[in-house]
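Undergrad: Mind looking over this structure? Questions follow.
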Amino acid sequence: MSSYLRQKLQFGKSMSSESEDVKEEALNSDNVEEIERSKVGIIRALVQPQDPSAKDVDDLMIRRFLRARDLDVERASTMLLKYLKWRKEFVPNGSISPAEIPNDLAQNKLFMQGYDKTGRPIVVVFAARHKPTTVEEFKRYVTFTLDKICARMPSGHDKFTSIADLQGWGYANSDIRGYLAALSILQDCYPERLGKLFIVHVPYIFMTAWKMVYPFIDKNTKRKIIFVEDKKLQSTLLQEIDESQLPDTFGGKQKLVPIQDCC
């Protein structure tokens, strides 16, 4: 057999294999969709008798809790009930007022602007601007910002992309209790909201704090965290974000807007 014919046959087999993979992926996707839809109904039946406010929770939110617990109905139901209880106790007025978080807002450390290539809103955090306040105020601040971010989600999207800039971070900015509180709120109360987290300009001393926080990060969140080398910073971000949408502080064209000024 000539090398040409051998290559053609191999190419045909490859294309056939790829076609079968695409079909299988589509079938799996449809199957997962059906399984999730069925389990959402089961969760409603389990949760609503215990907390009638669950009737106001939409299916997409329940799906996020379900995915965060690997489609385990019992664990997802428990997680959702804890969230509903937390929300009523921690945010009794339905939202956090800027007047409740004056010290954290004054630090001007979190911004929003632009969308990545998948349509997710971009959030930028300047970690060196963070100075520890009280844990309770910081928890309110985290809730305030996550509510703002979620309100800015375009139709059809439920995740955001974040860039954490650690340039200038030092021990004065280290806040392990605050970091763990923020992580708990993100993972337990806003599951499956984080799409990707790029950590950039990482100083060596940050790794001491990172080692203390890392064990508390769940496996789903760990997969979304990317440490970026300084020399690959712009090229890495441009793979995910168009230059027109990239914040100007990273060489793009978008002016950053403080989170409190986002509508």
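Identifiers in this document derive from the order of the structure tokens: chains are assigned A, B, ..., residues are numbered from 1 separately in each chain, and ligands are numbered from 1 in order of occurrence.
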Can you tell me which residues surround stretch 171-175 of chain A at a distance of at most 12 Å, considering only C-alpha atoms, apart from same-chain residues fewer than 5 positions away, and format the answer as a list in words?
TA: Gln107, Lys109, Phe126, Ala127, Ala128, Arg129, His130, Lys131, Pro132, Thr133, Thr134, Val135, Phe138, Leu166, Leu180, Ala181, Ala182, Pro203, Tyr204, Ile205, Phe206, Met207, Thr208, Ala209, Trp210, Met212 and Val213 of chain A
Undergrad: Set the distance at 8 Å and use only C-alpha atoms: which residues neighbour A:Thr143 once local chain neighbours fewer than 3 positions away are removed? I'd like the list as a PDB file with C-alpha atoms, in the first residue's frame.
TA:
ATOM      1  CA  ILE A  96     -25.936  44.702  51.766  1.00  0.00           C
ATOM      2  CA  LYS A 139     -17.956  38.997  54.983  1.00  0.00           C
ATOM      3  CA  ARG A 140     -20.570  41.670  54.261  1.00  0.00           C
ATOM      4  CA  LEU A 146     -20.781  38.822  44.740  1.00  0.00           C
ATOM      5  CA  ASP A 147     -24.346  40.137  44.560  1.00  0.00           C
ATOM      6  CA  ILE A 185     -19.094  32.366  51.194  1.00  0.00           C
TER       7      ILE A 185
END
Undergrad: Go through stretch 179-209 of chain A and collect every residue that DSSP, computed from the backbone, puts in strand (DSSP E); the answer should be as a ChimeraX atom specification.
TA: /A:194-200
Undergrad: Please build the interface table for stretch 68-161 of chain A against stretch 245-262 of chain A with a cut-off of 12 Å, listing for each qualifying residue the nearest atom pair and the distance in Å to one decimal; count only C-alpha atoms, order rows by chain and increasing number, and write it as CSV.
TA:
residue,atom,partner,partner_atom,distance
A:Ile96,CA,A:Gln260,CA,11.2
A:Ser97,CA,A:Gln260,CA,10.1
A:Pro98,CA,A:Gln260,CA,7.6
A:Ala99,CA,A:Gln260,CA,11.2
A:Ile101,CA,A:Gln260,CA,10.7
A:Pro102,CA,A:Gln260,CA,10.9
A:Asp104,CA,A:Gln260,CA,10.8
A:Leu105,CA,A:Gln260,CA,7.5
A:Ala106,CA,A:Gln260,CA,10.2
A:Gln107,CA,A:Pro258,CA,10.4
A:Asn108,CA,A:Pro258,CA,6.7
A:Lys109,CA,A:Pro258,CA,7.8
A:Leu110,CA,A:Ile259,CA,5.9
A:Phe111,CA,A:Pro258,CA,4.3
A:Met112,CA,A:Val257,CA,5.4
A:Gln113,CA,A:Leu256,CA,5.4
A:Gly114,CA,A:Gln245,CA,4.7
A:Tyr115,CA,A:Gln245,CA,5.9
A:Asp116,CA,A:Gln245,CA,6.9
A:Lys117,CA,A:Gln245,CA,8.8
A:Thr118,CA,A:Gln245,CA,11.7
A:Gly119,CA,A:Gln245,CA,10.3
A:Arg120,CA,A:Gln245,CA,10.9
A:Pro121,CA,A:Gln245,CA,9.7
A:Ile122,CA,A:Leu246,CA,8.5
A:Val123,CA,A:Ile259,CA,8.6
A:Val124,CA,A:Leu256,CA,8.2
A:Val125,CA,A:Ile259,CA,10.0
A:Phe126,CA,A:Thr249,CA,10.8
A:Tyr141,CA,A:Gln260,CA,10.3
A:Val142,CA,A:Ile259,CA,11.0
A:Thr143,CA,A:Ile259,CA,12.0
A:Phe144,CA,A:Gln260,CA,8.7
A:Thr145,CA,A:Ile259,CA,6.7
A:Leu146,CA,A:Ile259,CA,9.7
A:Asp147,CA,A:Ile259,CA,10.4
A:Lys148,CA,A:Ile259,CA,7.2
A:Ile149,CA,A:Ile259,CA,8.2
A:Cys150,CA,A:Cys262,CA,11.4
A:Ala151,CA,A:Cys262,CA,9.6
A:Arg152,CA,A:Cys262,CA,8.3
A:Met153,CA,A:Cys262,CA,12.0
A:Thr161,CA,A:Leu246,CA,11.5
Undergrad: For C-alpha atoms, I'd like the residues from the last selection saved as a JSON list (two decimals), in the first residue's frame.
TA:
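Printed below is out_1.json as written:
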[["chain", "number", "residue", "atom", "x", "y", "z"],
["A", 96, "ILE", "CA", -25.94, 44.70, 51.77],
["A", 97, "SER", "CA", -25.86, 48.51, 51.93],
["A", 98, "PRO", "CA", -22.60, 50.39, 51.20],
["A", 99, "ALA", "CA", -23.14, 52.04, 54.61],
["A", 101, "ILE", "CA", -19.06, 48.21, 54.64],
["A", 102, "PRO", "CA", -17.42, 51.70, 54.68],
["A", 104, "ASP", "CA", -13.64, 47.87, 52.90],
["A", 105, "LEU", "CA", -15.17, 50.09, 50.20],
["A", 106, "ALA", "CA", -12.73, 52.89, 51.03],
["A", 107, "GLN", "CA", -9.83, 50.60, 50.11],
["A", 108, "ASN", "CA", -10.95, 50.66, 46.45],
["A", 109, "LYS", "CA", -9.64, 47.16, 45.80],
["A", 110, "LEU", "CA", -12.21, 45.45, 43.58],
["A", 111, "PHE", "CA", -13.31, 46.47, 40.09],
["A", 112, "MET", "CA", -15.45, 45.23, 37.20],
["A", 113, "GLN", "CA", -15.25, 45.90, 33.50],
["A", 114, "GLY", "CA", -15.47, 44.01, 30.23],
["A", 115, "TYR", "CA", -16.30, 40.41, 29.32],
["A", 116, "ASP", "CA", -14.13, 37.45, 28.43],
["A", 117, "LYS", "CA", -14.46, 35.57, 25.13],
["A", 118, "THR", "CA", -17.23, 33.37, 26.53],
["A", 119, "GLY", "CA", -19.26, 36.40, 27.68],
["A", 120, "ARG", "CA", -18.44, 36.21, 31.38],
["A", 121, "PRO", "CA", -17.98, 39.52, 33.24],
["A", 122, "ILE", "CA", -14.44, 40.29, 34.38],
["A", 123, "VAL", "CA", -13.63, 41.12, 38.00],
["A", 124, "VAL", "CA", -10.23, 42.51, 39.03],
["A", 125, "VAL", "CA", -8.92, 42.45, 42.61],
["A", 126, "PHE", "CA", -5.86, 44.39, 43.77],
["A", 141, "TYR", "CA", -18.21, 43.19, 51.69],
["A", 142, "VAL", "CA", -17.73, 39.84, 49.95],
["A", 143, "THR", "CA", -21.49, 39.30, 49.86],
["A", 144, "PHE", "CA", -22.03, 42.82, 48.52],
["A", 145, "THR", "CA", -19.50, 42.28, 45.72],
["A", 146, "LEU", "CA", -20.78, 38.82, 44.74],
["A", 147, "ASP", "CA", -24.35, 40.14, 44.56],
["A", 148, "LYS", "CA", -23.12, 42.99, 42.33],
["A", 149, "ILE", "CA", -21.25, 40.56, 40.09],
["A", 150, "CYS", "CA", -24.23, 38.22, 39.77],
["A", 151, "ALA", "CA", -26.48, 41.15, 38.90],
["A", 152, "ARG", "CA", -24.15, 41.96, 35.99],
["A", 153, "MET", "CA", -24.28, 38.47, 34.49],
["A", 161, "THR", "CA", -13.81, 35.49, 35.36]]
Undergrad: Interatomic distance between atom CA of A:Asp158 and atom CA of A:Arg64?
TA: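 Interatomic distance here is 9.0 Å.
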Undergrad: Write out as a ChimeraX atom specification all residues of stretch 23-246 of chain A that DSSP puts in helix (DSSP H, G or I) for this structure's backbone.
TA: /A:23-47,52-56,59-68,73-90,98-100,102-106,127-129,135-151,171-173,176-189,206-216,219-222,230-240
Undergrad: Nearest to A:Tyr214: which of A:Val91, A:Leu237, A:Leu60, A:Ile176 is it, counting only C-alpha atoms?
TA: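 Smallest distance to A:Tyr214 is found for A:Ile176.
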Undergrad: May I have a table of the residues of stretch 60-168 of chain A lying at most 12 Å from stretch 215-233 of chain A, giving each one's closest pair of atoms and their distance in Å to one decimal, counting only C-alpha atoms, ordered by chain and ascending residue number, as a Markdown table?
TA:
| residue | atom | partner | partner_atom | distance |
| --- | --- | --- | --- | --- |
| A:Arg64 | CA | A:Asn220 | CA | 11.9 |
| A:Arg67 | CA | A:Asn220 | CA | 9.4 |
| A:Ala68 | CA | A:Asn220 | CA | 7.3 |
| A:Arg69 | CA | A:Asn220 | CA | 9.3 |
| A:Asp70 | CA | A:Asn220 | CA | 9.3 |
| A:Lys159 | CA | A:Lys224 | CA | 11.4 |
| A:Phe160 | CA | A:Lys224 | CA | 11.1 |
| A:Thr161 | CA | A:Lys224 | CA | 9.5 |
| A:Ser162 | CA | A:Ile225 | CA | 9.5 |
| A:Ile163 | CA | A:Ile226 | CA | 9.6 |
| A:Ala164 | CA | A:Phe227 | CA | 9.6 |
| A:Asp165 | CA | A:Val228 | CA | 10.2 |
| A:Leu166 | CA | A:Phe227 | CA | 10.9 |
| A:Gln167 | CA | A:Asp230 | CA | 10.4 |
Undergrad: Please write the residues from the selection above to a file, keeping N, CA, C and O atoms, as a CSV table (one decimal), in the first residue's frame.
TA:
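The resulting file, selection.csv, is shown below:
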chain,number,residue,atom,x,y,z
A,64,ARG,N,-26.8,24.8,40.1
A,64,ARG,CA,-25.5,25.2,40.6
A,64,ARG,C,-25.1,24.5,41.9
A,64,ARG,O,-24.0,24.0,42.1
A,67,ARG,N,-24.5,20.8,41.0
A,67,ARG,CA,-23.2,20.6,40.3
A,67,ARG,C,-22.1,20.7,41.4
A,67,ARG,O,-21.1,20.0,41.3
A,68,ALA,N,-22.3,21.6,42.3
A,68,ALA,CA,-21.2,21.8,43.3
A,68,ALA,C,-21.1,20.6,44.2
A,68,ALA,O,-20.0,20.4,44.9
A,69,ARG,N,-22.1,19.7,44.2
A,69,ARG,CA,-22.1,18.5,45.0
A,69,ARG,C,-22.1,17.3,44.2
A,69,ARG,O,-22.6,16.2,44.5
A,70,ASP,N,-21.6,17.4,42.9
A,70,ASP,CA,-21.4,16.3,42.0
A,70,ASP,C,-22.7,15.5,41.8
A,70,ASP,O,-22.7,14.3,41.7
A,159,LYS,N,-21.5,32.5,35.3
A,159,LYS,CA,-20.1,32.5,35.9
A,159,LYS,C,-19.4,33.8,35.6
A,159,LYS,O,-19.7,34.5,34.6
A,160,PHE,N,-18.4,34.1,36.4
A,160,PHE,CA,-17.5,35.3,36.1
A,160,PHE,C,-16.1,34.9,36.1
A,160,PHE,O,-15.7,33.8,36.6
A,161,THR,N,-15.3,35.7,35.4
A,161,THR,CA,-13.8,35.5,35.4
A,161,THR,C,-13.2,36.5,36.3
A,161,THR,O,-13.5,37.7,36.2
A,162,SER,N,-12.2,36.1,37.0
A,162,SER,CA,-11.5,37.0,38.0
A,162,SER,C,-10.0,37.1,37.7
A,162,SER,O,-9.4,36.0,37.4
A,163,ILE,N,-9.4,38.2,37.9
A,163,ILE,CA,-8.0,38.4,37.9
A,163,ILE,C,-7.6,39.0,39.2
A,163,ILE,O,-8.0,40.1,39.6
A,164,ALA,N,-6.8,38.2,40.0
A,164,ALA,CA,-6.3,38.7,41.3
A,164,ALA,C,-4.9,39.2,41.1
A,164,ALA,O,-4.0,38.3,40.8
A,165,ASP,N,-4.6,40.5,41.2
A,165,ASP,CA,-3.3,41.1,41.0
A,165,ASP,C,-2.6,41.2,42.4
A,165,ASP,O,-3.1,42.0,43.2
A,166,LEU,N,-1.6,40.5,42.6
A,166,LEU,CA,-0.9,40.5,43.9
A,166,LEU,C,0.3,41.4,44.0
A,166,LEU,O,1.1,41.3,44.9
A,167,GLN,N,0.5,42.2,42.9
A,167,GLN,CA,1.7,43.0,42.9
A,167,GLN,C,1.7,43.9,44.2
A,167,GLN,O,0.8,44.6,44.5
Undergrad: What's the 12 Å shell around A:Leu84, counting only C-alpha atoms, without same-chain residues fewer than 2 positions away, as a ChimeraX atom specification?
TA: /A:47-48,50-57,61-62,65,77-82,86-92,94,188-190
Undergrad: Using atom CA of A:Val32 and atom CA of A:Leu194 as the two end points, give the distance in Å to one decimal.
TA: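 Interatomic distance here is 20.7 Å.
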Undergrad: Which residues come within 12 Å of A:Arg37, counting only C-alpha atoms, excluding same-chain residues fewer than 4 positions away, as a ChimeraX atom specification?
TA: /A:30-33,41-44,58-60,62-64,66-67,71,73
